[in-house]
$ cat start.pdb   # PDB, N, CA and C atoms
ATOM      1  N   MET C  32      -6.487  -2.681 -18.679  1.00  0.00           N
ATOM      2  CA  MET C  32      -6.533  -1.814 -17.530  1.00  0.00           C
ATOM      3  C   MET C  32      -7.721  -0.873 -17.696  1.00  0.00           C
ATOM      4  N   SER C  33      -8.533  -0.769 -16.673  1.00  0.00           N
ATOM      5  CA  SER C  33      -9.696   0.105 -16.742  1.00  0.00           C
ATOM      6  C   SER C  33      -9.290   1.559 -16.530  1.00  0.00           C
ATOM      7  N   ARG C  34     -10.181   2.452 -16.938  1.00  0.00           N
ATOM      8  CA  ARG C  34      -9.920   3.884 -16.752  1.00  0.00           C
ATOM      9  C   ARG C  34     -10.000   4.234 -15.284  1.00  0.00           C
ATOM     10  N   PRO C  35      -9.140   5.140 -14.822  1.00  0.00           N
ATOM     11  CA  PRO C  35      -9.203   5.553 -13.414  1.00  0.00           C
ATOM     12  C   PRO C  35     -10.472   6.348 -13.136  1.00  0.00           C
ATOM     13  N   ASN C  36     -10.958   6.278 -11.915  1.00  0.00           N
ATOM     14  CA  ASN C  36     -12.120   7.044 -11.493  1.00  0.00           C
ATOM     15  C   ASN C  36     -11.663   8.234 -10.663  1.00  0.00           C
ATOM     16  N   VAL C  37     -12.115   9.418 -11.035  1.00  0.00           N
ATOM     17  CA  VAL C  37     -11.802  10.607 -10.261  1.00  0.00           C
ATOM     18  C   VAL C  37     -12.773  10.640  -9.094  1.00  0.00           C
ATOM     19  N   THR C  38     -12.241  10.655  -7.876  1.00  0.00           N
ATOM     20  CA  THR C  38     -13.101  10.598  -6.703  1.00  0.00           C
ATOM     21  C   THR C  38     -13.284  11.937  -6.021  1.00  0.00           C
ATOM     22  N   ASN C  39     -12.402  12.886  -6.292  1.00  0.00           N
ATOM     23  CA  ASN C  39     -12.562  14.217  -5.710  1.00  0.00           C
ATOM     24  C   ASN C  39     -11.483  15.135  -6.259  1.00  0.00           C
ATOM     25  N   GLY C  40     -11.671  16.422  -6.177  1.00  0.00           N
ATOM     26  CA  GLY C  40     -10.675  17.363  -6.656  1.00  0.00           C
ATOM     27  C   GLY C  40     -10.846  17.699  -8.124  1.00  0.00           C
ATOM     28  N   THR C  41      -9.807  18.275  -8.724  1.00  0.00           N
ATOM     29  CA  THR C  41      -9.863  18.684 -10.119  1.00  0.00           C
ATOM     30  C   THR C  41      -9.396  17.559 -11.013  1.00  0.00           C
ATOM     31  N   ALA C  42      -9.809  17.583 -12.258  1.00  0.00           N
ATOM     32  CA  ALA C  42      -9.441  16.528 -13.212  1.00  0.00           C
ATOM     33  C   ALA C  42      -7.947  16.561 -13.490  1.00  0.00           C
ATOM     34  N   PRO C  43      -7.280  15.395 -13.487  1.00  0.00           N
ATOM     35  CA  PRO C  43      -5.837  15.344 -13.686  1.00  0.00           C
ATOM     36  C   PRO C  43      -5.415  15.257 -15.141  1.00  0.00           C
ATOM     37  N   ASN C  44      -6.303  15.593 -16.082  1.00  0.00           N
ATOM     38  CA  ASN C  44      -5.941  15.452 -17.482  1.00  0.00           C
ATOM     39  C   ASN C  44      -5.338  16.726 -18.055  1.00  0.00           C
ATOM     40  N   ALA C  45      -5.107  17.716 -17.228  1.00  0.00           N
ATOM     41  CA  ALA C  45      -4.517  18.972 -17.684  1.00  0.00           C
ATOM     42  C   ALA C  45      -3.023  18.773 -17.877  1.00  0.00           C
ATOM     43  N   GLU C  46      -2.635  18.404 -19.085  1.00  0.00           N
ATOM     44  CA  GLU C  46      -1.235  18.182 -19.402  1.00  0.00           C
ATOM     45  C   GLU C  46      -0.635  19.512 -19.837  1.00  0.00           C
ATOM     46  N   GLY C  47       0.594  19.746 -19.515  1.00  0.00           N
ATOM     47  CA  GLY C  47       1.225  20.968 -19.996  1.00  0.00           C
ATOM     48  C   GLY C  47       2.026  21.689 -18.939  1.00  0.00           C
ATOM     49  N   GLU C  48       1.578  22.871 -18.565  1.00  0.00           N
ATOM     50  CA  GLU C  48       2.381  23.712 -17.688  1.00  0.00           C
ATOM     51  C   GLU C  48       2.204  23.414 -16.210  1.00  0.00           C
ATOM     52  N   GLN C  49       1.048  22.923 -15.787  1.00  0.00           N
ATOM     53  CA  GLN C  49       0.802  22.629 -14.364  1.00  0.00           C
ATOM     54  C   GLN C  49       1.665  21.449 -13.919  1.00  0.00           C
ATOM     55  N   LEU C  50       2.286  21.579 -12.776  1.00  0.00           N
ATOM     56  CA  LEU C  50       3.082  20.505 -12.196  1.00  0.00           C
ATOM     57  C   LEU C  50       2.223  19.751 -11.184  1.00  0.00           C
ATOM     58  N   PHE C  51       2.305  18.425 -11.209  1.00  0.00           N
ATOM     59  CA  PHE C  51       1.521  17.573 -10.321  1.00  0.00           C
ATOM     60  C   PHE C  51       2.426  16.647  -9.523  1.00  0.00           C
ATOM     61  N   ALA C  52       2.015  16.344  -8.298  1.00  0.00           N
ATOM     62  CA  ALA C  52       2.653  15.303  -7.495  1.00  0.00           C
ATOM     63  C   ALA C  52       1.755  14.071  -7.601  1.00  0.00           C
ATOM     64  N   VAL C  53       2.325  12.942  -7.989  1.00  0.00           N
ATOM     65  CA  VAL C  53       1.585  11.692  -8.128  1.00  0.00           C
ATOM     66  C   VAL C  53       2.179  10.701  -7.138  1.00  0.00           C
ATOM     67  N   ARG C  54       1.318  10.122  -6.289  1.00  0.00           N
ATOM     68  CA  ARG C  54       1.764   9.175  -5.265  1.00  0.00           C
ATOM     69  C   ARG C  54       1.007   7.860  -5.389  1.00  0.00           C
ATOM     70  N   LEU C  55       1.703   6.790  -5.093  1.00  0.00           N
ATOM     71  CA  LEU C  55       1.104   5.470  -5.016  1.00  0.00           C
ATOM     72  C   LEU C  55       0.633   5.268  -3.579  1.00  0.00           C
ATOM     73  N   ILE C  56      -0.582   4.756  -3.391  1.00  0.00           N
ATOM     74  CA  ILE C  56      -1.149   4.544  -2.057  1.00  0.00           C
ATOM     75  C   ILE C  56      -1.539   3.081  -1.911  1.00  0.00           C
ATOM     76  N   ASP C  57      -1.120   2.463  -0.822  1.00  0.00           N
ATOM     77  CA  ASP C  57      -1.513   1.092  -0.491  1.00  0.00           C
ATOM     78  C   ASP C  57      -2.914   1.148   0.119  1.00  0.00           C
ATOM     79  N   ARG C  58      -3.901   0.567  -0.544  1.00  0.00           N
ATOM     80  CA  ARG C  58      -5.284   0.620  -0.067  1.00  0.00           C
ATOM     81  C   ARG C  58      -5.455  -0.083   1.287  1.00  0.00           C
ATOM     82  N   ARG C  59      -4.606  -1.058   1.582  1.00  0.00           N
ATOM     83  CA  ARG C  59      -4.728  -1.801   2.847  1.00  0.00           C
ATOM     84  C   ARG C  59      -4.340  -0.947   4.043  1.00  0.00           C
ATOM     85  N   THR C  60      -3.370  -0.050   3.855  1.00  0.00           N
ATOM     86  CA  THR C  60      -2.879   0.750   4.976  1.00  0.00           C
ATOM     87  C   THR C  60      -3.192   2.235   4.825  1.00  0.00           C
ATOM     88  N   GLY C  61      -3.471   2.663   3.598  1.00  0.00           N
ATOM     89  CA  GLY C  61      -3.676   4.085   3.339  1.00  0.00           C
ATOM     90  C   GLY C  61      -2.380   4.871   3.295  1.00  0.00           C
ATOM     91  N   GLU C  62      -1.255   4.166   3.309  1.00  0.00           N
ATOM     92  CA  GLU C  62       0.073   4.798   3.362  1.00  0.00           C
ATOM     93  C   GLU C  62       0.752   4.802   1.995  1.00  0.00           C
ATOM     94  N   VAL C  63       1.644   5.767   1.819  1.00  0.00           N
ATOM     95  CA  VAL C  63       2.507   5.816   0.647  1.00  0.00           C
ATOM     96  C   VAL C  63       3.688   4.894   0.932  1.00  0.00           C
ATOM     97  N   PRO C  64       4.012   3.959   0.022  1.00  0.00           N
ATOM     98  CA  PRO C  64       5.164   3.091   0.271  1.00  0.00           C
ATOM     99  C   PRO C  64       6.466   3.884   0.273  1.00  0.00           C
ATOM    100  N   ASN C  65       7.407   3.438   1.070  1.00  0.00           N
ATOM    101  CA  ASN C  65       8.723   4.079   1.164  1.00  0.00           C
ATOM    102  C   ASN C  65       9.777   3.193   0.528  1.00  0.00           C
ATOM    103  N   PHE C  66      10.709   3.825  -0.155  1.00  0.00           N
ATOM    104  CA  PHE C  66      11.865   3.139  -0.713  1.00  0.00           C
ATOM    105  C   PHE C  66      13.102   3.870  -0.213  1.00  0.00           C
ATOM    106  N   ASN C  67      13.961   3.155   0.500  1.00  0.00           N
ATOM    107  CA  ASN C  67      15.141   3.751   1.132  1.00  0.00           C
ATOM    108  C   ASN C  67      14.758   4.924   2.026  1.00  0.00           C
ATOM    109  N   GLY C  68      13.621   4.797   2.694  1.00  0.00           N
ATOM    110  CA  GLY C  68      13.176   5.822   3.624  1.00  0.00           C
ATOM    111  C   GLY C  68      12.469   7.012   2.993  1.00  0.00           C
ATOM    112  N   ASN C  69      12.311   6.998   1.674  1.00  0.00           N
ATOM    113  CA  ASN C  69      11.658   8.099   0.966  1.00  0.00           C
ATOM    114  C   ASN C  69      10.311   7.646   0.405  1.00  0.00           C
ATOM    115  N   PRO C  70       9.267   8.447   0.591  1.00  0.00           N
ATOM    116  CA  PRO C  70       7.967   8.065   0.041  1.00  0.00           C
ATOM    117  C   PRO C  70       7.991   8.093  -1.484  1.00  0.00           C
ATOM    118  N   LEU C  71       7.299   7.122  -2.088  1.00  0.00           N
ATOM    119  CA  LEU C  71       7.226   7.039  -3.539  1.00  0.00           C
ATOM    120  C   LEU C  71       6.310   8.148  -4.048  1.00  0.00           C
ATOM    121  N   SER C  72       6.894   9.130  -4.706  1.00  0.00           N
ATOM    122  CA  SER C  72       6.161  10.270  -5.239  1.00  0.00           C
ATOM    123  C   SER C  72       6.866  10.723  -6.505  1.00  0.00           C
ATOM    124  N   VAL C  73       6.072  11.131  -7.502  1.00  0.00           N
ATOM    125  CA  VAL C  73       6.616  11.567  -8.776  1.00  0.00           C
ATOM    126  C   VAL C  73       6.097  12.964  -9.067  1.00  0.00           C
ATOM    127  N   LEU C  74       6.978  13.856  -9.481  1.00  0.00           N
ATOM    128  CA  LEU C  74       6.566  15.171  -9.957  1.00  0.00           C
ATOM    129  C   LEU C  74       6.524  15.118 -11.479  1.00  0.00           C
ATOM    130  N   THR C  75       5.404  15.570 -12.051  1.00  0.00           N
ATOM    131  CA  THR C  75       5.224  15.442 -13.491  1.00  0.00           C
ATOM    132  C   THR C  75       4.285  16.505 -14.031  1.00  0.00           C
ATOM    133  N   ARG C  76       4.392  16.758 -15.307  1.00  0.00           N
ATOM    134  CA  ARG C  76       3.429  17.599 -16.014  1.00  0.00           C
ATOM    135  C   ARG C  76       2.458  16.728 -16.804  1.00  0.00           C
ATOM    136  N   SER C  77       2.635  15.413 -16.729  1.00  0.00           N
ATOM    137  CA  SER C  77       1.776  14.443 -17.425  1.00  0.00           C
ATOM    138  C   SER C  77       1.262  13.424 -16.413  1.00  0.00           C
ATOM    139  N   PRO C  78       0.265  13.795 -15.593  1.00  0.00           N
ATOM    140  CA  PRO C  78      -0.171  12.905 -14.520  1.00  0.00           C
ATOM    141  C   PRO C  78      -0.752  11.575 -15.005  1.00  0.00           C
ATOM    142  N   ARG C  79      -1.451  11.570 -16.128  1.00  0.00           N
ATOM    143  CA  ARG C  79      -2.018  10.303 -16.618  1.00  0.00           C
ATOM    144  C   ARG C  79      -0.920   9.309 -16.980  1.00  0.00           C
ATOM    145  N   ALA C  80       0.156   9.785 -17.603  1.00  0.00           N
ATOM    146  CA  ALA C  80       1.271   8.903 -17.955  1.00  0.00           C
ATOM    147  C   ALA C  80       1.962   8.389 -16.694  1.00  0.00           C
ATOM    148  N   ALA C  81       2.123   9.247 -15.698  1.00  0.00           N
ATOM    149  CA  ALA C  81       2.755   8.836 -14.441  1.00  0.00           C
ATOM    150  C   ALA C  81       1.900   7.785 -13.730  1.00  0.00           C
ATOM    151  N   ILE C  82       0.582   7.973 -13.734  1.00  0.00           N
ATOM    152  CA  ILE C  82      -0.319   6.997 -13.112  1.00  0.00           C
ATOM    153  C   ILE C  82      -0.207   5.659 -13.830  1.00  0.00           C
ATOM    154  N   ALA C  83      -0.199   5.694 -15.148  1.00  0.00           N
ATOM    155  CA  ALA C  83      -0.079   4.458 -15.922  1.00  0.00           C
ATOM    156  C   ALA C  83       1.211   3.720 -15.568  1.00  0.00           C
ATOM    157  N   ASP C  84       2.321   4.456 -15.433  1.00  0.00           N
ATOM    158  CA  ASP C  84       3.601   3.841 -15.070  1.00  0.00           C
ATOM    159  C   ASP C  84       3.562   3.263 -13.659  1.00  0.00           C
ATOM    160  N   LEU C  85       3.044   4.027 -12.697  1.00  0.00           N
ATOM    161  CA  LEU C  85       3.006   3.556 -11.307  1.00  0.00           C
ATOM    162  C   LEU C  85       2.087   2.353 -11.129  1.00  0.00           C
ATOM    163  N   MET C  86       0.981   2.321 -11.864  1.00  0.00           N
ATOM    164  CA  MET C  86      -0.004   1.252 -11.698  1.00  0.00           C
ATOM    165  C   MET C  86       0.268   0.032 -12.573  1.00  0.00           C
ATOM    166  N   SER C  87       1.212   0.150 -13.481  1.00  0.00           N
ATOM    167  CA  SER C  87       1.528  -0.955 -14.382  1.00  0.00           C
ATOM    168  C   SER C  87       1.922  -2.206 -13.595  1.00  0.00           C
ATOM    169  N   GLY C  88       1.196  -3.283 -13.839  1.00  0.00           N
ATOM    170  CA  GLY C  88       1.500  -4.557 -13.183  1.00  0.00           C
ATOM    171  C   GLY C  88       1.025  -4.651 -11.744  1.00  0.00           C
ATOM    172  N   ARG C  89       0.320  -3.656 -11.233  1.00  0.00           N
ATOM    173  CA  ARG C  89      -0.164  -3.664  -9.849  1.00  0.00           C
ATOM    174  C   ARG C  89      -1.639  -4.027  -9.804  1.00  0.00           C
ATOM    175  N   ASN C  90      -2.047  -4.695  -8.751  1.00  0.00           N
ATOM    176  CA  ASN C  90      -3.440  -5.039  -8.520  1.00  0.00           C
ATOM    177  C   ASN C  90      -4.180  -3.785  -8.081  1.00  0.00           C
ATOM    178  N   GLN C  91      -5.166  -3.351  -8.880  1.00  0.00           N
ATOM    179  CA  GLN C  91      -5.891  -2.119  -8.570  1.00  0.00           C
ATOM    180  C   GLN C  91      -6.775  -2.260  -7.334  1.00  0.00           C
ATOM    181  N   LYS C  92      -6.989  -3.469  -6.878  1.00  0.00           N
ATOM    182  CA  LYS C  92      -7.735  -3.651  -5.631  1.00  0.00           C
ATOM    183  C   LYS C  92      -6.852  -3.346  -4.418  1.00  0.00           C
ATOM    184  N   LEU C  93      -5.524  -3.403  -4.612  1.00  0.00           N
ATOM    185  CA  LEU C  93      -4.583  -3.174  -3.515  1.00  0.00           C
ATOM    186  C   LEU C  93      -3.911  -1.807  -3.577  1.00  0.00           C
ATOM    187  N   TRP C  94      -3.895  -1.187  -4.752  1.00  0.00           N
ATOM    188  CA  TRP C  94      -3.165   0.056  -4.934  1.00  0.00           C
ATOM    189  C   TRP C  94      -4.035   1.094  -5.613  1.00  0.00           C
ATOM    190  N   ARG C  95      -3.755   2.369  -5.308  1.00  0.00           N
ATOM    191  CA  ARG C  95      -4.376   3.485  -6.011  1.00  0.00           C
ATOM    192  C   ARG C  95      -3.330   4.576  -6.161  1.00  0.00           C
ATOM    193  N   ALA C  96      -3.578   5.490  -7.074  1.00  0.00           N
ATOM    194  CA  ALA C  96      -2.687   6.634  -7.266  1.00  0.00           C
ATOM    195  C   ALA C  96      -3.431   7.885  -6.844  1.00  0.00           C
ATOM    196  N   GLU C  97      -2.696   8.821  -6.278  1.00  0.00           N
ATOM    197  CA  GLU C  97      -3.268  10.090  -5.849  1.00  0.00           C
ATOM    198  C   GLU C  97      -2.510  11.210  -6.552  1.00  0.00           C
ATOM    199  N   VAL C  98      -3.262  12.184  -7.064  1.00  0.00           N
ATOM    200  CA  VAL C  98      -2.682  13.292  -7.818  1.00  0.00           C
ATOM    201  C   VAL C  98      -3.046  14.603  -7.134  1.00  0.00           C
ATOM    202  N   GLU C  99      -2.057  15.456  -6.956  1.00  0.00           N
ATOM    203  CA  GLU C  99      -2.301  16.796  -6.400  1.00  0.00           C
ATOM    204  C   GLU C  99      -1.532  17.814  -7.222  1.00  0.00           C
ATOM    205  N   PRO C 100      -2.169  18.932  -7.547  1.00  0.00           N
ATOM    206  CA  PRO C 100      -1.423  19.997  -8.225  1.00  0.00           C
ATOM    207  C   PRO C 100      -0.395  20.600  -7.270  1.00  0.00           C
ATOM    208  N   VAL C 101       0.775  20.891  -7.773  1.00  0.00           N
ATOM    209  CA  VAL C 101       1.828  21.507  -6.973  1.00  0.00           C
ATOM    210  C   VAL C 101       1.726  23.017  -7.156  1.00  0.00           C
ATOM    211  N   GLY C 102       1.782  23.733  -6.026  1.00  0.00           N
ATOM    212  CA  GLY C 102       1.702  25.178  -6.083  1.00  0.00           C
ATOM    213  C   GLY C 102       0.291  25.693  -6.208  1.00  0.00           C
ATOM    214  N   SER C 103      -0.678  24.821  -5.949  1.00  0.00           N
ATOM    215  CA  SER C 103      -2.081  25.201  -6.045  1.00  0.00           C
ATOM    216  C   SER C 103      -2.664  25.338  -4.648  1.00  0.00           C
ATOM    217  N   PRO C 104      -3.664  26.200  -4.446  1.00  0.00           N
ATOM    218  CA  PRO C 104      -4.314  26.290  -3.139  1.00  0.00           C
ATOM    219  C   PRO C 104      -4.906  24.964  -2.682  1.00  0.00           C
ATOM    220  N   ALA C 105      -5.349  24.118  -3.621  1.00  0.00           N
ATOM    221  CA  ALA C 105      -5.930  22.818  -3.265  1.00  0.00           C
ATOM    222  C   ALA C 105      -4.908  21.941  -2.552  1.00  0.00           C
ATOM    223  N   LEU C 106      -3.616  22.116  -2.886  1.00  0.00           N
ATOM    224  CA  LEU C 106      -2.565  21.328  -2.256  1.00  0.00           C
ATOM    225  C   LEU C 106      -2.523  21.589  -0.758  1.00  0.00           C
ATOM    226  N   HIS C 107      -2.736  22.824  -0.361  1.00  0.00           N
ATOM    227  CA  HIS C 107      -2.669  23.178   1.046  1.00  0.00           C
ATOM    228  C   HIS C 107      -3.957  22.886   1.796  1.00  0.00           C
ATOM    229  N   GLN C 108      -5.033  22.574   1.068  1.00  0.00           N
ATOM    230  CA  GLN C 108      -6.303  22.243   1.715  1.00  0.00           C
ATOM    231  C   GLN C 108      -6.488  20.748   1.823  1.00  0.00           C
ATOM    232  N   GLY C 109      -5.488  19.964   1.411  1.00  0.00           N
ATOM    233  CA  GLY C 109      -5.553  18.512   1.553  1.00  0.00           C
ATOM    234  C   GLY C 109      -6.456  17.844   0.531  1.00  0.00           C
ATOM    235  N   ARG C 110      -6.772  18.535  -0.552  1.00  0.00           N
ATOM    236  CA  ARG C 110      -7.623  17.932  -1.564  1.00  0.00           C
ATOM    237  C   ARG C 110      -6.764  17.462  -2.714  1.00  0.00           C
ATOM    238  N   GLY C 111      -7.025  16.256  -3.172  1.00  0.00           N
ATOM    239  CA  GLY C 111      -6.321  15.705  -4.310  1.00  0.00           C
ATOM    240  C   GLY C 111      -7.281  14.878  -5.114  1.00  0.00           C
ATOM    241  N   VAL C 112      -6.757  14.173  -6.077  1.00  0.00           N
ATOM    242  CA  VAL C 112      -7.552  13.297  -6.920  1.00  0.00           C
ATOM    243  C   VAL C 112      -7.042  11.895  -6.688  1.00  0.00           C
ATOM    244  N   ALA C 113      -7.926  10.986  -6.361  1.00  0.00           N
ATOM    245  CA  ALA C 113      -7.543   9.599  -6.120  1.00  0.00           C
ATOM    246  C   ALA C 113      -8.049   8.722  -7.256  1.00  0.00           C
ATOM    247  N   PHE C 114      -7.264   7.690  -7.601  1.00  0.00           N
ATOM    248  CA  PHE C 114      -7.638   6.750  -8.650  1.00  0.00           C
ATOM    249  C   PHE C 114      -7.647   5.348  -8.113  1.00  0.00           C
TER     250      PHE C 114
END
$ encode --input "start.pdb" --output "structure tokens"
Amino acid sequence: MSRPNVTNGTAPNAEGEQLFAVRLIDRRTGEVPNFNGNPLSVLTRSPRAAIADLMSGRNQKLWRAEVEPVGSPALHQGRGVAF
């Protein structure tokens, strides 16, 4: 598995106290997949580990992960980090 590319926003390698929302995005539709009517999203303090879990076994040409800090001003400005 290749290393993710940060395309915008702050680096998601800040492990520890910051809480992050990590979402899986279908590149074909730009949408977050839903399971039982709920969007697939993970709250974590370890975004790299969450990305690795979400992307495990998935075709990176079809899927990407998006990371946003929770409780940060960037969250309200629509800026996140895409992989």
$ atom_distance --input "start.pdb" --atom1 "atom N of Asp57 of chain C" --atom2 "atom N of Gly102 of chain C"
22.1 Å
$ resolve_selection --input "start.pdb" --expression "the PyMOL selection byres ((chain C and resi 82) around 8)" --output "PyMOL selection string"
chain C and resi 53-54+77-81+83-87+95-97
$ atom_distance --input "start.pdb" --atom1 "atom CA of Gly47 of chain C" --atom2 "atom CA of Val63 of chain C"
25.6 Å
$ atom_distance --input "start.pdb" --atom1 "atom CA of Pro70 of chain C" --atom2 "atom CA of Leu55 of chain C"
8.9 Å
$ residues_near_point --input "start.pdb" --point "(3.3, 18.3, -10.9)" --cutoff "5 Å" --atoms "only N, CA and C atoms" --output "PyMOL selection string"
chain C and resi 49-52+74-76+101
$ axis_aligned_box --input "start.pdb" --around "segment 70-76 of chain C" --padding-each-side "6 Å" --output "JSON"
{"center_x": 5.9, "center_y": 12.3, "center_z": -8.1, "size_x": 18.8, "size_y": 22.6, "size_z": 29.4}
$ select_by_dssp --input "start.pdb" --residues "segment 38-106 of chain C" --states "alpha helix (DSSP H)" --output "PDB file with N, CA and C atoms, in the frame of the given file"
ATOM      1  N   PRO C  78       0.265  13.795 -15.593  1.00  0.00           N
ATOM      2  CA  PRO C  78      -0.171  12.905 -14.520  1.00  0.00           C
ATOM      3  C   PRO C  78      -0.752  11.575 -15.005  1.00  0.00           C
ATOM      4  N   ARG C  79      -1.451  11.570 -16.128  1.00  0.00           N
ATOM      5  CA  ARG C  79      -2.018  10.303 -16.618  1.00  0.00           C
ATOM      6  C   ARG C  79      -0.920   9.309 -16.980  1.00  0.00           C
ATOM      7  N   ALA C  80       0.156   9.785 -17.603  1.00  0.00           N
ATOM      8  CA  ALA C  80       1.271   8.903 -17.955  1.00  0.00           C
ATOM      9  C   ALA C  80       1.962   8.389 -16.694  1.00  0.00           C
ATOM     10  N   ALA C  81       2.123   9.247 -15.698  1.00  0.00           N
ATOM     11  CA  ALA C  81       2.755   8.836 -14.441  1.00  0.00           C
ATOM     12  C   ALA C  81       1.900   7.785 -13.730  1.00  0.00           C
ATOM     13  N   ILE C  82       0.582   7.973 -13.734  1.00  0.00           N
ATOM     14  CA  ILE C  82      -0.319   6.997 -13.112  1.00  0.00           C
ATOM     15  C   ILE C  82      -0.207   5.659 -13.830  1.00  0.00           C
ATOM     16  N   ALA C  83      -0.199   5.694 -15.148  1.00  0.00           N
ATOM     17  CA  ALA C  83      -0.079   4.458 -15.922  1.00  0.00           C
ATOM     18  C   ALA C  83       1.211   3.720 -15.568  1.00  0.00           C
ATOM     19  N   ASP C  84       2.321   4.456 -15.433  1.00  0.00           N
ATOM     20  CA  ASP C  84       3.601   3.841 -15.070  1.00  0.00           C
ATOM     21  C   ASP C  84       3.562   3.263 -13.659  1.00  0.00           C
ATOM     22  N   LEU C  85       3.044   4.027 -12.697  1.00  0.00           N
ATOM     23  CA  LEU C  85       3.006   3.556 -11.307  1.00  0.00           C
ATOM     24  C   LEU C  85       2.087   2.353 -11.129  1.00  0.00           C
ATOM     25  N   MET C  86       0.981   2.321 -11.864  1.00  0.00           N
ATOM     26  CA  MET C  86      -0.004   1.252 -11.698  1.00  0.00           C
ATOM     27  C   MET C  86       0.268   0.032 -12.573  1.00  0.00           C
ATOM     28  N   PRO C 104      -3.664  26.200  -4.446  1.00  0.00           N
ATOM     29  CA  PRO C 104      -4.314  26.290  -3.139  1.00  0.00           C
ATOM     30  C   PRO C 104      -4.906  24.964  -2.682  1.00  0.00           C
ATOM     31  N   ALA C 105      -5.349  24.118  -3.621  1.00  0.00           N
ATOM     32  CA  ALA C 105      -5.930  22.818  -3.265  1.00  0.00           C
ATOM     33  C   ALA C 105      -4.908  21.941  -2.552  1.00  0.00           C
ATOM     34  N   LEU C 106      -3.616  22.116  -2.886  1.00  0.00           N
ATOM     35  CA  LEU C 106      -2.565  21.328  -2.256  1.00  0.00           C
ATOM     36  C   LEU C 106      -2.523  21.589  -0.758  1.00  0.00           C
TER      37      LEU C 106
END
$ closest_residue --input "start.pdb" --among "C:Leu71, C:Asn65, C:Glu48, C:Arg58" --to "Lys92 of chain C" --atoms "only N, CA and C atoms"
C:Arg58
$ decode --input "start.pdb" --residues "segment 45-60 of chain C" --atoms "N, CA and C atoms" --output "mmCIF file, in the first residue's frame"
data_model
loop_
_atom_site.group_PDB
_atom_site.id
_atom_site.type_symbol
_atom_site.label_atom_id
_atom_site.label_comp_id
_atom_site.auth_asym_id
_atom_site.auth_seq_id
_atom_site.Cartn_x
_atom_site.Cartn_y
_atom_site.Cartn_z
ATOM 1 N N ALA C 45 -0.887 14.124 13.539
ATOM 2 C CA ALA C 45 -0.893 14.580 14.926
ATOM 3 C C ALA C 45 -1.697 13.598 15.763
ATOM 4 N N GLU C 46 -1.016 12.612 16.318
ATOM 5 C CA GLU C 46 -1.664 11.607 17.144
ATOM 6 C C GLU C 46 -1.693 12.123 18.576
ATOM 7 N N GLY C 47 -2.720 11.821 19.300
ATOM 8 C CA GLY C 47 -2.734 12.220 20.700
ATOM 9 C C GLY C 47 -4.049 12.811 21.146
ATOM 10 N N GLU C 48 -4.038 14.086 21.483
ATOM 11 C CA GLU C 48 -5.214 14.690 22.093
ATOM 12 C C GLU C 48 -6.246 15.183 21.096
ATOM 13 N N GLN C 49 -5.844 15.573 19.894
ATOM 14 C CA GLN C 49 -6.790 16.081 18.884
ATOM 15 C C GLN C 49 -7.698 14.949 18.404
ATOM 16 N N LEU C 50 -8.972 15.222 18.314
ATOM 17 C CA LEU C 50 -9.940 14.261 17.802
ATOM 18 C C LEU C 50 -10.185 14.554 16.324
ATOM 19 N N PHE C 51 -10.235 13.504 15.511
ATOM 20 C CA PHE C 51 -10.433 13.634 14.071
ATOM 21 C C PHE C 51 -11.636 12.822 13.616
ATOM 22 N N ALA C 52 -12.324 13.321 12.597
ATOM 23 C CA ALA C 52 -13.363 12.559 11.908
ATOM 24 C C ALA C 52 -12.727 12.036 10.621
ATOM 25 N N VAL C 53 -12.804 10.735 10.396
ATOM 26 C CA VAL C 53 -12.243 10.105 9.206
ATOM 27 C C VAL C 53 -13.398 9.483 8.435
ATOM 28 N N ARG C 54 -13.512 9.840 7.148
ATOM 29 C CA ARG C 54 -14.599 9.338 6.303
ATOM 30 C C ARG C 54 -14.038 8.675 5.053
ATOM 31 N N LEU C 55 -14.723 7.646 4.618
ATOM 32 C CA LEU C 55 -14.419 6.984 3.362
ATOM 33 C C LEU C 55 -15.231 7.681 2.274
ATOM 34 N N ILE C 56 -14.611 7.984 1.135
ATOM 35 C CA ILE C 56 -15.283 8.677 0.032
ATOM 36 C C ILE C 56 -15.166 7.832 -1.228
ATOM 37 N N ASP C 57 -16.281 7.620 -1.903
ATOM 38 C CA ASP C 57 -16.304 6.926 -3.191
ATOM 39 C C ASP C 57 -15.884 7.930 -4.265
ATOM 40 N N ARG C 58 -14.752 7.705 -4.913
ATOM 41 C CA ARG C 58 -14.241 8.642 -5.915
ATOM 42 C C ARG C 58 -15.186 8.774 -7.117
ATOM 43 N N ARG C 59 -15.965 7.740 -7.399
ATOM 44 C CA ARG C 59 -16.874 7.780 -8.557
ATOM 45 C C ARG C 59 -18.033 8.738 -8.333
ATOM 46 N N THR C 60 -18.493 8.847 -7.085
ATOM 47 C CA THR C 60 -19.660 9.680 -6.800
ATOM 48 C C THR C 60 -19.325 10.892 -5.936
#
